[in-house]
$ cat my_file12.cif   # mmCIF, N, CA and C atoms
data_work
#
loop_
_atom_site.group_PDB
_atom_site.id
_atom_site.type_symbol
_atom_site.label_atom_id
_atom_site.label_comp_id
_atom_site.auth_asym_id
_atom_site.auth_seq_id
_atom_site.Cartn_x
_atom_site.Cartn_y
_atom_site.Cartn_z
ATOM 1 N N MET A 94 -42.470 -19.601 53.968
ATOM 2 C CA MET A 94 -41.322 -19.605 53.113
ATOM 3 C C MET A 94 -41.179 -18.273 52.386
ATOM 4 N N LYS A 95 -42.300 -17.770 51.833
ATOM 5 C CA LYS A 95 -42.264 -16.493 51.136
ATOM 6 C C LYS A 95 -41.958 -15.366 52.096
ATOM 7 N N VAL A 96 -42.434 -15.487 53.329
ATOM 8 C CA VAL A 96 -42.193 -14.451 54.334
ATOM 9 C C VAL A 96 -40.710 -14.383 54.662
ATOM 10 N N MET A 97 -40.065 -15.547 54.761
ATOM 11 C CA MET A 97 -38.628 -15.571 55.073
ATOM 12 C C MET A 97 -37.823 -14.947 53.928
ATOM 13 N N LYS A 98 -38.215 -15.228 52.691
ATOM 14 C CA LYS A 98 -37.529 -14.630 51.552
ATOM 15 C C LYS A 98 -37.712 -13.123 51.544
ATOM 16 N N ALA A 99 -38.890 -12.658 51.861
ATOM 17 C CA ALA A 99 -39.156 -11.220 51.900
ATOM 18 C C ALA A 99 -38.337 -10.554 52.997
ATOM 19 N N ILE A 100 -38.257 -11.195 54.158
ATOM 20 C CA ILE A 100 -37.471 -10.640 55.270
ATOM 21 C C ILE A 100 -35.991 -10.629 54.891
ATOM 22 N N ARG A 101 -35.512 -11.706 54.294
ATOM 23 C CA ARG A 101 -34.103 -11.796 53.905
ATOM 24 C C ARG A 101 -33.781 -10.721 52.860
ATOM 25 N N TYR A 102 -34.643 -10.563 51.865
ATOM 26 C CA TYR A 102 -34.452 -9.557 50.824
ATOM 27 C C TYR A 102 -34.438 -8.155 51.430
ATOM 28 N N THR A 103 -35.353 -7.872 52.332
ATOM 29 C CA THR A 103 -35.414 -6.565 52.989
ATOM 30 C C THR A 103 -34.151 -6.316 53.799
ATOM 31 N N ALA A 104 -33.656 -7.337 54.487
ATOM 32 C CA ALA A 104 -32.441 -7.194 55.289
ATOM 33 C C ALA A 104 -31.241 -6.897 54.388
ATOM 34 N N ILE A 105 -31.162 -7.589 53.261
ATOM 35 C CA ILE A 105 -30.047 -7.355 52.340
ATOM 36 C C ILE A 105 -30.089 -5.934 51.794
ATOM 37 N N VAL A 106 -31.254 -5.474 51.412
ATOM 38 C CA VAL A 106 -31.407 -4.110 50.905
ATOM 39 C C VAL A 106 -31.017 -3.105 51.980
ATOM 40 N N ALA A 107 -31.426 -3.367 53.214
ATOM 41 C CA ALA A 107 -31.101 -2.458 54.318
ATOM 42 C C ALA A 107 -29.600 -2.414 54.557
ATOM 43 N N VAL A 108 -28.944 -3.550 54.484
ATOM 44 C CA VAL A 108 -27.486 -3.587 54.687
ATOM 45 C C VAL A 108 -26.784 -2.797 53.598
ATOM 46 N N PHE A 109 -27.183 -2.994 52.338
ATOM 47 C CA PHE A 109 -26.569 -2.242 51.252
ATOM 48 C C PHE A 109 -26.839 -0.745 51.372
ATOM 49 N N ALA A 110 -28.047 -0.384 51.760
ATOM 50 C CA ALA A 110 -28.378 1.032 51.928
ATOM 51 C C ALA A 110 -27.548 1.642 53.051
ATOM 52 N N GLY A 111 -27.400 0.918 54.139
ATOM 53 C CA GLY A 111 -26.588 1.408 55.248
ATOM 54 C C GLY A 111 -25.133 1.538 54.871
ATOM 55 N N ALA A 112 -24.611 0.549 54.172
ATOM 56 C CA ALA A 112 -23.207 0.600 53.745
ATOM 57 C C ALA A 112 -22.982 1.763 52.796
ATOM 58 N N THR A 113 -23.911 1.993 51.912
ATOM 59 C CA THR A 113 -23.800 3.118 50.981
ATOM 60 C C THR A 113 -23.799 4.442 51.724
ATOM 61 N N ALA A 114 -24.668 4.573 52.702
ATOM 62 C CA ALA A 114 -24.735 5.810 53.473
ATOM 63 C C ALA A 114 -23.450 6.046 54.255
ATOM 64 N N ILE A 115 -22.894 4.999 54.825
ATOM 65 C CA ILE A 115 -21.655 5.133 55.607
ATOM 66 C C ILE A 115 -20.484 5.468 54.694
ATOM 67 N N LEU A 116 -20.372 4.766 53.575
ATOM 68 C CA LEU A 116 -19.243 4.986 52.678
ATOM 69 C C LEU A 116 -19.311 6.336 51.967
ATOM 70 N N SER A 117 -20.492 6.825 51.699
ATOM 71 C CA SER A 117 -20.594 8.113 51.019
ATOM 72 C C SER A 117 -20.201 9.264 51.928
ATOM 73 N N GLY A 118 -20.265 9.081 53.200
ATOM 74 C CA GLY A 118 -19.890 10.127 54.142
ATOM 75 C C GLY A 118 -18.422 10.124 54.494
ATOM 76 N N CYS A 119 -17.636 9.245 53.912
ATOM 77 C CA CYS A 119 -16.230 9.109 54.279
ATOM 78 C C CYS A 119 -15.315 10.136 53.625
ATOM 79 N N GLY A 120 -15.794 10.913 52.717
ATOM 80 C CA GLY A 120 -14.946 11.938 52.122
ATOM 81 C C GLY A 120 -14.932 11.859 50.615
ATOM 82 N N GLY A 121 -14.342 12.864 50.026
ATOM 83 C CA GLY A 121 -14.312 12.948 48.574
ATOM 84 C C GLY A 121 -13.019 12.429 47.999
ATOM 85 N N VAL A 122 -12.813 12.736 46.749
ATOM 86 C CA VAL A 122 -11.635 12.305 46.028
ATOM 87 C C VAL A 122 -10.663 13.479 45.962
ATOM 88 N N SER A 123 -9.401 13.211 46.293
ATOM 89 C CA SER A 123 -8.408 14.273 46.253
ATOM 90 C C SER A 123 -7.979 14.532 44.809
ATOM 91 N N ASP A 124 -7.289 15.665 44.614
ATOM 92 C CA ASP A 124 -6.804 16.008 43.272
ATOM 93 C C ASP A 124 -5.797 14.978 42.772
ATOM 94 N N ALA A 125 -4.957 14.483 43.676
ATOM 95 C CA ALA A 125 -3.966 13.474 43.290
ATOM 96 C C ALA A 125 -4.657 12.186 42.858
ATOM 97 N N GLN A 126 -5.695 11.801 43.571
ATOM 98 C CA GLN A 126 -6.439 10.595 43.204
ATOM 99 C C GLN A 126 -7.136 10.779 41.858
ATOM 100 N N MET A 127 -7.665 11.971 41.625
ATOM 101 C CA MET A 127 -8.338 12.246 40.364
ATOM 102 C C MET A 127 -7.338 12.223 39.207
ATOM 103 N N ALA A 128 -6.145 12.779 39.430
ATOM 104 C CA ALA A 128 -5.106 12.769 38.396
ATOM 105 C C ALA A 128 -4.676 11.330 38.097
ATOM 106 N N GLU A 129 -4.519 10.544 39.151
ATOM 107 C CA GLU A 129 -4.142 9.142 38.959
ATOM 108 C C GLU A 129 -5.233 8.389 38.189
ATOM 109 N N LEU A 130 -6.480 8.672 38.529
ATOM 110 C CA LEU A 130 -7.604 8.046 37.827
ATOM 111 C C LEU A 130 -7.592 8.424 36.347
ATOM 112 N N ASN A 131 -7.354 9.699 36.060
ATOM 113 C CA ASN A 131 -7.294 10.150 34.664
ATOM 114 C C ASN A 131 -6.143 9.492 33.915
ATOM 115 N N ASN A 132 -4.990 9.353 34.603
ATOM 116 C CA ASN A 132 -3.839 8.683 33.988
ATOM 117 C C ASN A 132 -4.164 7.218 33.694
ATOM 118 N N LEU A 133 -4.840 6.573 34.629
ATOM 119 C CA LEU A 133 -5.207 5.170 34.427
ATOM 120 C C LEU A 133 -6.213 5.028 33.290
ATOM 121 N N ARG A 134 -7.128 5.957 33.201
ATOM 122 C CA ARG A 134 -8.095 5.923 32.096
ATOM 123 C C ARG A 134 -7.385 6.074 30.757
ATOM 124 N N ALA A 135 -6.414 6.986 30.696
ATOM 125 C CA ALA A 135 -5.652 7.188 29.466
ATOM 126 C C ALA A 135 -4.863 5.923 29.114
ATOM 127 N N GLU A 136 -4.289 5.297 30.126
ATOM 128 C CA GLU A 136 -3.530 4.063 29.899
ATOM 129 C C GLU A 136 -4.450 2.946 29.397
ATOM 130 N N VAL A 137 -5.622 2.834 29.985
ATOM 131 C CA VAL A 137 -6.592 1.827 29.544
ATOM 132 C C VAL A 137 -6.994 2.083 28.093
ATOM 133 N N SER A 138 -7.239 3.325 27.766
ATOM 134 C CA SER A 138 -7.606 3.678 26.396
ATOM 135 C C SER A 138 -6.489 3.309 25.421
ATOM 136 N N SER A 139 -5.263 3.601 25.801
ATOM 137 C CA SER A 139 -4.117 3.278 24.958
ATOM 138 C C SER A 139 -3.984 1.764 24.781
ATOM 139 N N LEU A 140 -4.152 1.018 25.859
ATOM 140 C CA LEU A 140 -4.041 -0.437 25.786
ATOM 141 C C LEU A 140 -5.173 -1.042 24.954
ATOM 142 N N GLN A 141 -6.351 -0.459 25.038
ATOM 143 C CA GLN A 141 -7.463 -0.949 24.224
ATOM 144 C C GLN A 141 -7.192 -0.706 22.739
ATOM 145 N N ALA A 142 -6.633 0.461 22.416
ATOM 146 C CA ALA A 142 -6.286 0.753 21.022
ATOM 147 C C ALA A 142 -5.218 -0.216 20.521
ATOM 148 N N GLN A 143 -4.231 -0.483 21.363
ATOM 149 C CA GLN A 143 -3.171 -1.426 21.001
ATOM 150 C C GLN A 143 -3.763 -2.826 20.809
ATOM 151 N N ASN A 144 -4.664 -3.210 21.687
ATOM 152 C CA ASN A 144 -5.317 -4.509 21.592
ATOM 153 C C ASN A 144 -6.099 -4.632 20.284
ATOM 154 N N ASN A 145 -6.833 -3.595 19.928
ATOM 155 C CA ASN A 145 -7.597 -3.608 18.674
ATOM 156 C C ASN A 145 -6.671 -3.711 17.468
ATOM 157 N N SER A 146 -5.556 -3.001 17.518
ATOM 158 C CA SER A 146 -4.583 -3.052 16.428
ATOM 159 C C SER A 146 -4.020 -4.463 16.283
ATOM 160 N N LEU A 147 -3.701 -5.087 17.406
ATOM 161 C CA LEU A 147 -3.163 -6.447 17.359
ATOM 162 C C LEU A 147 -4.202 -7.446 16.858
ATOM 163 N N LYS A 148 -5.457 -7.220 17.217
ATOM 164 C CA LYS A 148 -6.525 -8.095 16.719
ATOM 165 C C LYS A 148 -6.651 -7.968 15.206
ATOM 166 N N ASP A 149 -6.518 -6.737 14.692
ATOM 167 C CA ASP A 149 -6.568 -6.520 13.248
ATOM 168 C C ASP A 149 -5.409 -7.231 12.550
ATOM 169 N N GLN A 150 -4.219 -7.125 13.140
ATOM 170 C CA GLN A 150 -3.047 -7.797 12.571
ATOM 171 C C GLN A 150 -3.250 -9.309 12.566
ATOM 172 N N LYS A 151 -3.795 -9.831 13.661
ATOM 173 C CA LYS A 151 -4.050 -11.269 13.757
ATOM 174 C C LYS A 151 -5.021 -11.701 12.660
ATOM 175 N N SER A 152 -6.060 -10.921 12.468
ATOM 176 C CA SER A 152 -7.050 -11.238 11.442
ATOM 177 C C SER A 152 -6.401 -11.246 10.056
ATOM 178 N N ASP A 153 -5.572 -10.247 9.782
ATOM 179 C CA ASP A 153 -4.883 -10.182 8.489
ATOM 180 C C ASP A 153 -3.975 -11.398 8.286
ATOM 181 N N LEU A 154 -3.247 -11.775 9.340
ATOM 182 C CA LEU A 154 -2.363 -12.935 9.241
ATOM 183 C C LEU A 154 -3.153 -14.222 9.027
ATOM 184 N N GLN A 155 -4.290 -14.340 9.688
ATOM 185 C CA GLN A 155 -5.119 -15.529 9.501
ATOM 186 C C GLN A 155 -5.649 -15.612 8.072
ATOM 187 N N LYS A 156 -5.983 -14.462 7.484
ATOM 188 C CA LYS A 156 -6.429 -14.445 6.091
ATOM 189 C C LYS A 156 -5.292 -14.870 5.158
ATOM 190 N N GLU A 157 -4.087 -14.380 5.429
ATOM 191 C CA GLU A 157 -2.925 -14.761 4.620
ATOM 192 C C GLU A 157 -2.671 -16.259 4.710
ATOM 193 N N ILE A 158 -2.752 -16.789 5.925
ATOM 194 C CA ILE A 158 -2.523 -18.219 6.127
ATOM 195 C C ILE A 158 -3.574 -19.029 5.375
ATOM 196 N N ALA A 159 -4.818 -18.601 5.446
ATOM 197 C CA ALA A 159 -5.887 -19.317 4.743
ATOM 198 C C ALA A 159 -5.652 -19.298 3.237
ATOM 199 N N ALA A 160 -5.223 -18.160 2.706
ATOM 200 C CA ALA A 160 -4.959 -18.058 1.269
ATOM 201 C C ALA A 160 -3.798 -18.972 0.872
ATOM 202 N N LYS A 161 -2.746 -18.996 1.674
ATOM 203 C CA LYS A 161 -1.595 -19.846 1.357
ATOM 204 C C LYS A 161 -1.953 -21.322 1.486
ATOM 205 N N ASN A 162 -2.782 -21.653 2.473
ATOM 206 C CA ASN A 162 -3.216 -23.045 2.612
ATOM 207 C C ASN A 162 -4.067 -23.475 1.419
ATOM 208 N N ALA A 163 -4.908 -22.570 0.925
ATOM 209 C CA ALA A 163 -5.727 -22.878 -0.249
ATOM 210 C C ALA A 163 -4.833 -23.097 -1.467
ATOM 211 N N LYS A 164 -3.824 -22.246 -1.627
ATOM 212 C CA LYS A 164 -2.892 -22.379 -2.749
ATOM 213 C C LYS A 164 -2.103 -23.689 -2.633
ATOM 214 N N LEU A 165 -1.686 -24.029 -1.434
ATOM 215 C CA LEU A 165 -0.956 -25.273 -1.203
ATOM 216 C C LEU A 165 -1.829 -26.478 -1.539
ATOM 217 N N GLU A 166 -3.088 -26.429 -1.131
ATOM 218 C CA GLU A 166 -4.025 -27.509 -1.441
ATOM 219 C C GLU A 166 -4.189 -27.663 -2.955
ATOM 220 N N GLU A 167 -4.280 -26.530 -3.641
ATOM 221 C CA GLU A 167 -4.400 -26.555 -5.105
ATOM 222 C C GLU A 167 -3.145 -27.163 -5.733
ATOM 223 N N CYS A 168 -1.983 -26.791 -5.229
ATOM 224 C CA CYS A 168 -0.723 -27.345 -5.745
ATOM 225 C C CYS A 168 -0.659 -28.854 -5.492
ATOM 226 N N ASN A 169 -1.074 -29.287 -4.325
ATOM 227 C CA ASN A 169 -1.070 -30.726 -4.017
ATOM 228 C C ASN A 169 -2.023 -31.483 -4.940
ATOM 229 N N LYS A 170 -3.162 -30.874 -5.233
ATOM 230 C CA LYS A 170 -4.129 -31.499 -6.139
ATOM 231 C C LYS A 170 -3.526 -31.624 -7.540
ATOM 232 N N MET A 171 -2.897 -30.553 -8.020
ATOM 233 C CA MET A 171 -2.266 -30.577 -9.341
ATOM 234 C C MET A 171 -1.130 -31.599 -9.375
ATOM 235 N N LYS A 172 -0.377 -31.707 -8.302
ATOM 236 C CA LYS A 172 0.730 -32.667 -8.212
ATOM 237 C C LYS A 172 0.181 -34.093 -8.320
ATOM 238 N N ALA A 173 -0.916 -34.349 -7.615
ATOM 239 C CA ALA A 173 -1.523 -35.680 -7.654
ATOM 240 C C ALA A 173 -2.035 -36.002 -9.060
ATOM 241 N N GLU A 174 -2.650 -35.033 -9.717
ATOM 242 C CA GLU A 174 -3.144 -35.243 -11.077
ATOM 243 C C GLU A 174 -1.987 -35.501 -12.040
ATOM 244 N N THR A 175 -0.919 -34.724 -11.884
ATOM 245 C CA THR A 175 0.254 -34.887 -12.746
ATOM 246 C C THR A 175 0.879 -36.268 -12.544
ATOM 247 N N LYS A 176 0.992 -36.688 -11.284
ATOM 248 C CA LYS A 176 1.564 -38.007 -10.977
ATOM 249 C C LYS A 176 0.696 -39.101 -11.588
ATOM 250 N N ALA A 177 -0.641 -38.940 -11.479
ATOM 251 C CA ALA A 177 -1.547 -39.932 -12.063
ATOM 252 C C ALA A 177 -1.388 -39.984 -13.577
ATOM 253 N N ASN A 178 -1.240 -38.841 -14.206
ATOM 254 C CA ASN A 178 -1.060 -38.796 -15.662
ATOM 255 C C ASN A 178 0.283 -39.431 -16.055
ATOM 256 N N LEU A 179 1.331 -39.171 -15.297
ATOM 257 C CA LEU A 179 2.645 -39.774 -15.597
ATOM 258 C C LEU A 179 2.586 -41.288 -15.415
ATOM 259 N N ASP A 180 1.861 -41.726 -14.405
ATOM 260 C CA ASP A 180 1.733 -43.165 -14.186
ATOM 261 C C ASP A 180 0.980 -43.812 -15.348
ATOM 262 N N LYS A 181 -0.045 -43.132 -15.880
ATOM 263 C CA LYS A 181 -0.780 -43.637 -17.034
ATOM 264 C C LYS A 181 0.131 -43.739 -18.249
ATOM 265 N N MET A 182 0.987 -42.740 -18.442
ATOM 266 C CA MET A 182 1.902 -42.724 -19.586
ATOM 267 C C MET A 182 2.940 -43.831 -19.460
ATOM 268 N N GLY A 183 3.343 -44.103 -18.224
ATOM 269 C CA GLY A 183 4.336 -45.157 -17.987
ATOM 270 C C GLY A 183 3.781 -46.536 -18.232
ATOM 271 N N ASN A 184 2.475 -46.700 -18.095
ATOM 272 C CA ASN A 184 1.846 -48.003 -18.277
ATOM 273 C C ASN A 184 1.505 -48.274 -19.742
ATOM 274 N N MET A 185 1.685 -47.325 -20.595
ATOM 275 C CA MET A 185 1.338 -47.511 -22.009
ATOM 276 C C MET A 185 2.341 -48.295 -22.705
#
$ encode --input "my_file12.cif" --output "structure tokens"
Amino acid sequence: MKVMKAIRYTAIVAVFAGATAILSGCGGVSDAQMAELNNLRAEVSSLQAQNNSLKDQKSDLQKEIAAKNAKLEECNKMKAETKANLDKMGNM
């Protein structure tokens, strides 16, 4: 069993090594391809910056929502206390 795994592992390594050797001999990168790659890298960088900015905005909005929800909860609590006090006064 161990021998079969060793043979299989060796075969896989040999296939990858052969594929690497064949693909590396196929030629280099042209200037147009390099320019396109640089443009794509710049676009990715720009999109990542935009993504980070949007994440920051989302975080700020979530903080605002949490603060407003806390204030609303406080108002509801005060409303309930006021209603209870008015009900007590009405029963007197």
$ atom_distance --input "my_file12.cif" --atom1 "atom CA of Leu147 of chain A" --atom2 "atom CA of Ala128 of chain A"
28.6 Å
$ axis_aligned_box --input "my_file12.cif" --around "segment 162-176 of chain A" --padding-each-side "5 Å" --output "JSON"
{"center_x": -2.1, "center_y": -30.4, "center_z": -5.1, "size_x": 17.3, "size_y": 27.4, "size_z": 25.4}
$ atom_distance --input "my_file12.cif" --atom1 "atom N of Ala160 of chain A" --atom2 "atom C of Lys148 of chain A"
16.2 Å
